[in-house]
Structure formats: structure tokens, C-alpha cells
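Q: So here's target-v8.pdb, just PDB, N, CA and C atoms:
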MODEL        1
ATOM      1  N   MET M   1     389.375 -28.654 -25.857  1.00  0.00           N
ATOM      2  CA  MET M   1     390.522 -28.582 -26.744  1.00  0.00           C
ATOM      3  C   MET M   1     390.821 -27.121 -27.076  1.00  0.00           C
ATOM      4  N   ILE M   2     392.089 -26.751 -26.996  1.00  0.00           N
ATOM      5  CA  ILE M   2     392.504 -25.382 -27.288  1.00  0.00           C
ATOM      6  C   ILE M   2     392.670 -25.228 -28.796  1.00  0.00           C
ATOM      7  N   PRO M   3     392.008 -24.226 -29.391  1.00  0.00           N
ATOM      8  CA  PRO M   3     392.113 -24.044 -30.840  1.00  0.00           C
ATOM      9  C   PRO M   3     393.482 -23.523 -31.260  1.00  0.00           C
ATOM     10  N   ILE M   4     393.923 -23.947 -32.433  1.00  0.00           N
ATOM     11  CA  ILE M   4     395.134 -23.430 -33.064  1.00  0.00           C
ATOM     12  C   ILE M   4     394.706 -22.897 -34.418  1.00  0.00           C
ATOM     13  N   ILE M   5     395.132 -21.656 -34.723  1.00  0.00           N
ATOM     14  CA  ILE M   5     394.795 -21.076 -36.021  1.00  0.00           C
ATOM     15  C   ILE M   5     396.084 -20.787 -36.784  1.00  0.00           C
ATOM     16  N   PHE M   6     395.949 -20.572 -38.077  1.00  0.00           N
ATOM     17  CA  PHE M   6     397.093 -20.245 -38.917  1.00  0.00           C
ATOM     18  C   PHE M   6     396.917 -18.848 -39.475  1.00  0.00           C
ATOM     19  N   THR M   7     397.945 -18.034 -39.378  1.00  0.00           N
ATOM     20  CA  THR M   7     397.997 -16.740 -40.024  1.00  0.00           C
ATOM     21  C   THR M   7     399.203 -16.785 -40.952  1.00  0.00           C
ATOM     22  N   THR M   8     399.324 -15.875 -41.854  1.00  0.00           N
ATOM     23  CA  THR M   8     400.412 -15.929 -42.818  1.00  0.00           C
ATOM     24  C   THR M   8     401.740 -16.103 -42.093  1.00  0.00           C
ATOM     25  N   GLY M   9     402.334 -17.262 -42.251  1.00  0.00           N
ATOM     26  CA  GLY M   9     403.658 -17.538 -41.714  1.00  0.00           C
ATOM     27  C   GLY M   9     403.750 -18.047 -40.292  1.00  0.00           C
ATOM     28  N   ALA M  10     402.613 -18.250 -39.600  1.00  0.00           N
ATOM     29  CA  ALA M  10     402.703 -18.689 -38.203  1.00  0.00           C
ATOM     30  C   ALA M  10     401.441 -19.409 -37.746  1.00  0.00           C
ATOM     31  N   HIS M  11     401.631 -20.336 -36.807  1.00  0.00           N
ATOM     32  CA  HIS M  11     400.520 -20.969 -36.113  1.00  0.00           C
ATOM     33  C   HIS M  11     400.351 -20.254 -34.776  1.00  0.00           C
ATOM     34  N   LEU M  12     399.098 -19.979 -34.395  1.00  0.00           N
ATOM     35  CA  LEU M  12     398.789 -19.242 -33.170  1.00  0.00           C
ATOM     36  C   LEU M  12     397.891 -20.061 -32.260  1.00  0.00           C
ATOM     37  N   GLN M  13     398.050 -19.828 -30.952  1.00  0.00           N
ATOM     38  CA  GLN M  13     397.212 -20.494 -29.961  1.00  0.00           C
ATOM     39  C   GLN M  13     396.832 -19.464 -28.900  1.00  0.00           C
ATOM     40  N   PRO M  14     395.590 -19.486 -28.409  1.00  0.00           N
ATOM     41  CA  PRO M  14     395.216 -18.547 -27.357  1.00  0.00           C
ATOM     42  C   PRO M  14     395.749 -19.004 -25.992  1.00  0.00           C
ATOM     43  N   ILE M  15     396.092 -18.028 -25.153  1.00  0.00           N
ATOM     44  CA  ILE M  15     396.439 -18.320 -23.761  1.00  0.00           C
ATOM     45  C   ILE M  15     395.719 -17.308 -22.885  1.00  0.00           C
ATOM     46  N   LYS M  16     395.464 -17.707 -21.648  1.00  0.00           N
ATOM     47  CA  LYS M  16     394.827 -16.813 -20.690  1.00  0.00           C
ATOM     48  C   LYS M  16     395.893 -16.335 -19.711  1.00  0.00           C
ATOM     49  N   ILE M  17     395.932 -15.021 -19.481  1.00  0.00           N
ATOM     50  CA  ILE M  17     396.851 -14.469 -18.495  1.00  0.00           C
ATOM     51  C   ILE M  17     396.052 -13.713 -17.450  1.00  0.00           C
ATOM     52  N   GLN M  18     396.641 -13.581 -16.280  1.00  0.00           N
ATOM     53  CA  GLN M  18     396.002 -12.807 -15.226  1.00  0.00           C
ATOM     54  C   GLN M  18     396.901 -11.612 -14.919  1.00  0.00           C
ATOM     55  N   LYS M  19     396.328 -10.442 -15.014  1.00  0.00           N
ATOM     56  CA  LYS M  19     397.079  -9.220 -14.740  1.00  0.00           C
ATOM     57  C   LYS M  19     397.173  -9.009 -13.225  1.00  0.00           C
ATOM     58  N   GLU M  20     398.027  -8.083 -12.832  1.00  0.00           N
ATOM     59  CA  GLU M  20     398.253  -7.828 -11.406  1.00  0.00           C
ATOM     60  C   GLU M  20     396.979  -7.427 -10.669  1.00  0.00           C
ATOM     61  N   ASP M  21     396.030  -6.810 -11.393  1.00  0.00           N
ATOM     62  CA  ASP M  21     394.780  -6.390 -10.746  1.00  0.00           C
ATOM     63  C   ASP M  21     393.770  -7.531 -10.634  1.00  0.00           C
ATOM     64  N   GLY M  22     394.163  -8.739 -11.075  1.00  0.00           N
ATOM     65  CA  GLY M  22     393.302  -9.903 -10.950  1.00  0.00           C
ATOM     66  C   GLY M  22     392.438 -10.194 -12.165  1.00  0.00           C
ATOM     67  N   ARG M  23     392.342  -9.239 -13.103  1.00  0.00           N
ATOM     68  CA  ARG M  23     391.525  -9.469 -14.298  1.00  0.00           C
ATOM     69  C   ARG M  23     392.223 -10.447 -15.234  1.00  0.00           C
ATOM     70  N   GLU M  24     391.423 -11.278 -15.887  1.00  0.00           N
ATOM     71  CA  GLU M  24     391.957 -12.246 -16.832  1.00  0.00           C
ATOM     72  C   GLU M  24     391.759 -11.755 -18.256  1.00  0.00           C
ATOM     73  N   TYR M  25     392.724 -12.037 -19.111  1.00  0.00           N
ATOM     74  CA  TYR M  25     392.683 -11.666 -20.523  1.00  0.00           C
ATOM     75  C   TYR M  25     393.113 -12.854 -21.356  1.00  0.00           C
ATOM     76  N   TRP M  26     392.592 -12.932 -22.561  1.00  0.00           N
ATOM     77  CA  TRP M  26     393.031 -13.925 -23.539  1.00  0.00           C
ATOM     78  C   TRP M  26     393.814 -13.217 -24.627  1.00  0.00           C
ATOM     79  N   LEU M  27     394.900 -13.830 -25.076  1.00  0.00           N
ATOM     80  CA  LEU M  27     395.673 -13.281 -26.178  1.00  0.00           C
ATOM     81  C   LEU M  27     396.266 -14.427 -26.991  1.00  0.00           C
ATOM     82  N   TRP M  28     396.698 -14.107 -28.204  1.00  0.00           N
ATOM     83  CA  TRP M  28     397.276 -15.112 -29.087  1.00  0.00           C
ATOM     84  C   TRP M  28     398.789 -15.133 -28.931  1.00  0.00           C
ATOM     85  N   ILE M  29     399.366 -16.335 -28.922  1.00  0.00           N
ATOM     86  CA  ILE M  29     400.816 -16.490 -28.936  1.00  0.00           C
ATOM     87  C   ILE M  29     401.214 -17.288 -30.172  1.00  0.00           C
ATOM     88  N   VAL M  30     402.404 -17.045 -30.650  1.00  0.00           N
ATOM     89  CA  VAL M  30     402.921 -17.797 -31.801  1.00  0.00           C
ATOM     90  C   VAL M  30     403.469 -19.129 -31.309  1.00  0.00           C
ATOM     91  N   LEU M  31     403.004 -20.211 -31.907  1.00  0.00           N
ATOM     92  CA  LEU M  31     403.516 -21.535 -31.588  1.00  0.00           C
ATOM     93  C   LEU M  31     404.688 -21.918 -32.487  1.00  0.00           C
ATOM     94  N   GLU M  32     404.578 -21.529 -33.750  1.00  0.00           N
ATOM     95  CA  GLU M  32     405.569 -21.957 -34.729  1.00  0.00           C
ATOM     96  C   GLU M  32     405.588 -20.974 -35.890  1.00  0.00           C
ATOM     97  N   PHE M  33     406.787 -20.592 -36.330  1.00  0.00           N
ATOM     98  CA  PHE M  33     406.938 -19.776 -37.527  1.00  0.00           C
ATOM     99  C   PHE M  33     407.074 -20.713 -38.719  1.00  0.00           C
ATOM    100  N   VAL M  34     406.330 -20.446 -39.800  1.00  0.00           N
ATOM    101  CA  VAL M  34     406.318 -21.326 -40.962  1.00  0.00           C
ATOM    102  C   VAL M  34     407.053 -20.717 -42.145  1.00  0.00           C
ATOM    103  N   ASP M  35     407.158 -19.413 -42.188  1.00  0.00           N
ATOM    104  CA  ASP M  35     407.766 -18.720 -43.313  1.00  0.00           C
ATOM    105  C   ASP M  35     408.699 -17.646 -42.770  1.00  0.00           C
ATOM    106  N   ASP M  36     409.380 -16.943 -43.656  1.00  0.00           N
ATOM    107  CA  ASP M  36     410.287 -15.888 -43.231  1.00  0.00           C
ATOM    108  C   ASP M  36     409.565 -14.798 -42.456  1.00  0.00           C
ATOM    109  N   SER M  37     410.270 -14.246 -41.481  1.00  0.00           N
ATOM    110  CA  SER M  37     409.829 -13.065 -40.752  1.00  0.00           C
ATOM    111  C   SER M  37     410.769 -11.932 -41.159  1.00  0.00           C
ATOM    112  N   PHE M  38     410.375 -10.711 -40.850  1.00  0.00           N
ATOM    113  CA  PHE M  38     411.179  -9.558 -41.258  1.00  0.00           C
ATOM    114  C   PHE M  38     411.360  -8.595 -40.103  1.00  0.00           C
ATOM    115  N   LYS M  39     412.534  -7.977 -40.039  1.00  0.00           N
ATOM    116  CA  LYS M  39     412.855  -6.961 -39.043  1.00  0.00           C
ATOM    117  C   LYS M  39     413.589  -5.856 -39.779  1.00  0.00           C
ATOM    118  N   ASP M  40     413.063  -4.651 -39.716  1.00  0.00           N
ATOM    119  CA  ASP M  40     413.653  -3.506 -40.416  1.00  0.00           C
ATOM    120  C   ASP M  40     413.823  -3.782 -41.919  1.00  0.00           C
ATOM    121  N   GLY M  41     412.862  -4.494 -42.510  1.00  0.00           N
ATOM    122  CA  GLY M  41     412.873  -4.759 -43.943  1.00  0.00           C
ATOM    123  C   GLY M  41     413.781  -5.895 -44.387  1.00  0.00           C
ATOM    124  N   GLU M  42     414.496  -6.512 -43.458  1.00  0.00           N
ATOM    125  CA  GLU M  42     415.401  -7.621 -43.775  1.00  0.00           C
ATOM    126  C   GLU M  42     414.823  -8.920 -43.229  1.00  0.00           C
ATOM    127  N   VAL M  43     415.128 -10.036 -43.913  1.00  0.00           N
ATOM    128  CA  VAL M  43     414.671 -11.339 -43.425  1.00  0.00           C
ATOM    129  C   VAL M  43     415.275 -11.578 -42.040  1.00  0.00           C
ATOM    130  N   TYR M  44     414.430 -11.956 -41.107  1.00  0.00           N
ATOM    131  CA  TYR M  44     414.843 -12.206 -39.728  1.00  0.00           C
ATOM    132  C   TYR M  44     414.029 -13.399 -39.243  1.00  0.00           C
ATOM    133  N   ASN M  45     414.659 -14.502 -39.010  1.00  0.00           N
ATOM    134  CA  ASN M  45     413.960 -15.695 -38.554  1.00  0.00           C
ATOM    135  C   ASN M  45     414.217 -15.897 -37.063  1.00  0.00           C
ATOM    136  N   PRO M  46     413.292 -15.426 -36.234  1.00  0.00           N
ATOM    137  CA  PRO M  46     413.483 -15.485 -34.789  1.00  0.00           C
ATOM    138  C   PRO M  46     413.373 -16.896 -34.232  1.00  0.00           C
ATOM    139  N   ILE M  47     414.020 -17.098 -33.088  1.00  0.00           N
ATOM    140  CA  ILE M  47     413.814 -18.357 -32.384  1.00  0.00           C
ATOM    141  C   ILE M  47     412.440 -18.295 -31.729  1.00  0.00           C
ATOM    142  N   GLU M  48     411.870 -19.441 -31.418  1.00  0.00           N
ATOM    143  CA  GLU M  48     410.486 -19.478 -30.948  1.00  0.00           C
ATOM    144  C   GLU M  48     410.337 -19.335 -29.440  1.00  0.00           C
ATOM    145  N   SER M  49     411.388 -19.611 -28.690  1.00  0.00           N
ATOM    146  CA  SER M  49     411.311 -19.448 -27.235  1.00  0.00           C
ATOM    147  C   SER M  49     412.720 -19.260 -26.676  1.00  0.00           C
ATOM    148  N   ALA M  50     412.792 -18.656 -25.500  1.00  0.00           N
ATOM    149  CA  ALA M  50     414.073 -18.423 -24.842  1.00  0.00           C
ATOM    150  C   ALA M  50     413.830 -18.187 -23.357  1.00  0.00           C
ATOM    151  N   GLU M  51     414.907 -18.240 -22.587  1.00  0.00           N
ATOM    152  CA  GLU M  51     414.811 -18.043 -21.143  1.00  0.00           C
ATOM    153  C   GLU M  51     414.737 -16.571 -20.753  1.00  0.00           C
ATOM    154  N   SER M  52     415.031 -15.658 -21.695  1.00  0.00           N
ATOM    155  CA  SER M  52     414.975 -14.229 -21.401  1.00  0.00           C
ATOM    156  C   SER M  52     414.669 -13.458 -22.677  1.00  0.00           C
ATOM    157  N   LEU M  53     414.259 -12.208 -22.530  1.00  0.00           N
ATOM    158  CA  LEU M  53     413.990 -11.362 -23.681  1.00  0.00           C
ATOM    159  C   LEU M  53     415.255 -11.154 -24.491  1.00  0.00           C
ATOM    160  N   GLU M  54     416.372 -10.953 -23.822  1.00  0.00           N
ATOM    161  CA  GLU M  54     417.643 -10.743 -24.531  1.00  0.00           C
ATOM    162  C   GLU M  54     417.996 -11.944 -25.421  1.00  0.00           C
ATOM    163  N   LYS M  55     417.808 -13.153 -24.886  1.00  0.00           N
ATOM    164  CA  LYS M  55     418.116 -14.358 -25.668  1.00  0.00           C
ATOM    165  C   LYS M  55     417.107 -14.560 -26.791  1.00  0.00           C
ATOM    166  N   LEU M  56     415.891 -14.110 -26.593  1.00  0.00           N
ATOM    167  CA  LEU M  56     414.862 -14.234 -27.624  1.00  0.00           C
ATOM    168  C   LEU M  56     415.186 -13.370 -28.838  1.00  0.00           C
ATOM    169  N   LEU M  57     415.837 -12.240 -28.595  1.00  0.00           N
ATOM    170  CA  LEU M  57     416.129 -11.286 -29.667  1.00  0.00           C
ATOM    171  C   LEU M  57     417.513 -11.422 -30.261  1.00  0.00           C
ATOM    172  N   VAL M  58     418.230 -12.491 -29.952  1.00  0.00           N
ATOM    173  CA  VAL M  58     419.578 -12.696 -30.487  1.00  0.00           C
ATOM    174  C   VAL M  58     419.516 -12.774 -32.013  1.00  0.00           C
ATOM    175  N   GLU M  59     420.420 -12.078 -32.663  1.00  0.00           N
ATOM    176  CA  GLU M  59     420.451 -12.063 -34.139  1.00  0.00           C
ATOM    177  C   GLU M  59     421.236 -13.243 -34.660  1.00  0.00           C
TER
ENDMDL
END
With the file now loaded, output its structure as C-alpha cells.
A:
Amino acid sequence: MIPIIFTTGAHLQPIKIQKEDGREYWLWIVLEFVDDSFKDGEVYNPIESAESLEKLLVE
């Protein structure tokens, strides 16, 4: 079972990625935002997934 942890305002889950050199790394990804997020000191509630970086950062 993959663990899910909670940090202030978000649920996180580990994922394993493989870099181009073949080495594997584990990192945390956000599964769900629970509270307000901030960008440049202003409330910014991002979408959780998108088909591109540009769509992910839509205001």
C-alpha cells in the first residue's frame, strides 16, 4: 500500500521516477489541496492536474 501523508493544506503521496541516467528517485506529489494556496502573497488556488504546464498555471 502506498502511504499518503498530510501537510498543512495538502495530501501527499510518494512516486518513483527514473531519470535519464537510469537512476530511480522517490519524491512527493500533491494529491489534493485542502486549504488556500498563495502566489506572490495573494490567495491562489491551483488546479490539481493538467495536460501541460501552461494549463496547470492558468490563473
Q: Residues around (397.9, -16.1, -25.2), cut-off 5 Å, counting all atoms listed in the file - what are they as JSON, numbers by chain?
A: {"M": [14, 15, 16, 27, 28, 29]}
Q: Residues of range 16-59 of chain M in alpha helix (DSSP H) according to DSSP, as a PyMOL selection string?
A: chain M and resi 53-56
Q: Which protein, DNA or RNA residues are at most 7 Å from (417.6, -18.5, -29.3) in the file's coordinates when you count only N, CA and C atoms, listed as a PDB file with N, CA and C atoms, keeping the file's coordinate frame?
A:
ATOM      1  N   PRO M  46     413.292 -15.426 -36.234  1.00  0.00           N
ATOM      2  CA  PRO M  46     413.483 -15.485 -34.789  1.00  0.00           C
ATOM      3  C   PRO M  46     413.373 -16.896 -34.232  1.00  0.00           C
ATOM      4  N   ILE M  47     414.020 -17.098 -33.088  1.00  0.00           N
ATOM      5  CA  ILE M  47     413.814 -18.357 -32.384  1.00  0.00           C
ATOM      6  C   ILE M  47     412.440 -18.295 -31.729  1.00  0.00           C
ATOM      7  N   GLU M  48     411.870 -19.441 -31.418  1.00  0.00           N
ATOM      8  CA  GLU M  48     410.486 -19.478 -30.948  1.00  0.00           C
ATOM      9  C   GLU M  48     410.337 -19.335 -29.440  1.00  0.00           C
ATOM     10  N   SER M  49     411.388 -19.611 -28.690  1.00  0.00           N
ATOM     11  CA  SER M  49     411.311 -19.448 -27.235  1.00  0.00           C
ATOM     12  C   SER M  49     412.720 -19.260 -26.676  1.00  0.00           C
ATOM     13  N   ALA M  50     412.792 -18.656 -25.500  1.00  0.00           N
ATOM     14  CA  ALA M  50     414.073 -18.423 -24.842  1.00  0.00           C
ATOM     15  C   ALA M  50     413.830 -18.187 -23.357  1.00  0.00           C
ATOM     16  N   LYS M  55     417.808 -13.153 -24.886  1.00  0.00           N
ATOM     17  CA  LYS M  55     418.116 -14.358 -25.668  1.00  0.00           C
ATOM     18  C   LYS M  55     417.107 -14.560 -26.791  1.00  0.00           C
ATOM     19  N   LEU M  56     415.891 -14.110 -26.593  1.00  0.00           N
ATOM     20  CA  LEU M  56     414.862 -14.234 -27.624  1.00  0.00           C
ATOM     21  C   LEU M  56     415.186 -13.370 -28.838  1.00  0.00           C
ATOM     22  N   LEU M  57     415.837 -12.240 -28.595  1.00  0.00           N
ATOM     23  CA  LEU M  57     416.129 -11.286 -29.667  1.00  0.00           C
ATOM     24  C   LEU M  57     417.513 -11.422 -30.261  1.00  0.00           C
ATOM     25  N   VAL M  58     418.230 -12.491 -29.952  1.00  0.00           N
ATOM     26  CA  VAL M  58     419.578 -12.696 -30.487  1.00  0.00           C
ATOM     27  C   VAL M  58     419.516 -12.774 -32.013  1.00  0.00           C
TER      28      VAL M  58
END
Q: Could you please determine the separation between atom N of Val30 in chain M and atom N of Gly9 in chain M in Å, to one decimal place?
A: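 Separating atom N of Val30 in chain M from atom N of Gly9 in chain M is a distance of 11.6 Å.
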Q: Give me, as a ChimeraX atom specification, the residues of chain M that a backbone DSSP run labels strand (DSSP E).
A: /M:5-7,10-18,24-33,38-39,42-43
Q: To one decimal place, how far is CA of His11 in chain M from CA of Leu31 in chain M in Å?
A: 5.5 Å
Q: Please report the interatomic distance between CA of Asp35 in chain M and atom N of Ile4 in chain M in Å with one decimal.
A: 18.4 Å
Q: Nearest residue to Phe33 in chain M out of M:Leu12, M:Met1, M:Ile17, M:Leu53, using only N, CA and C atoms?
A: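 Result for the nearest residue to Phe33 in chain M: M:Leu12.
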Q: With only C-alpha atoms as the atoms that count, which of M:Val43, M:Val34, M:Glu51, M:Trp26 lies nearest to Ala10 in chain M?
A: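 Looking only at the distances to Ala10 in chain M, the closest residue turns out to be M:Val34.
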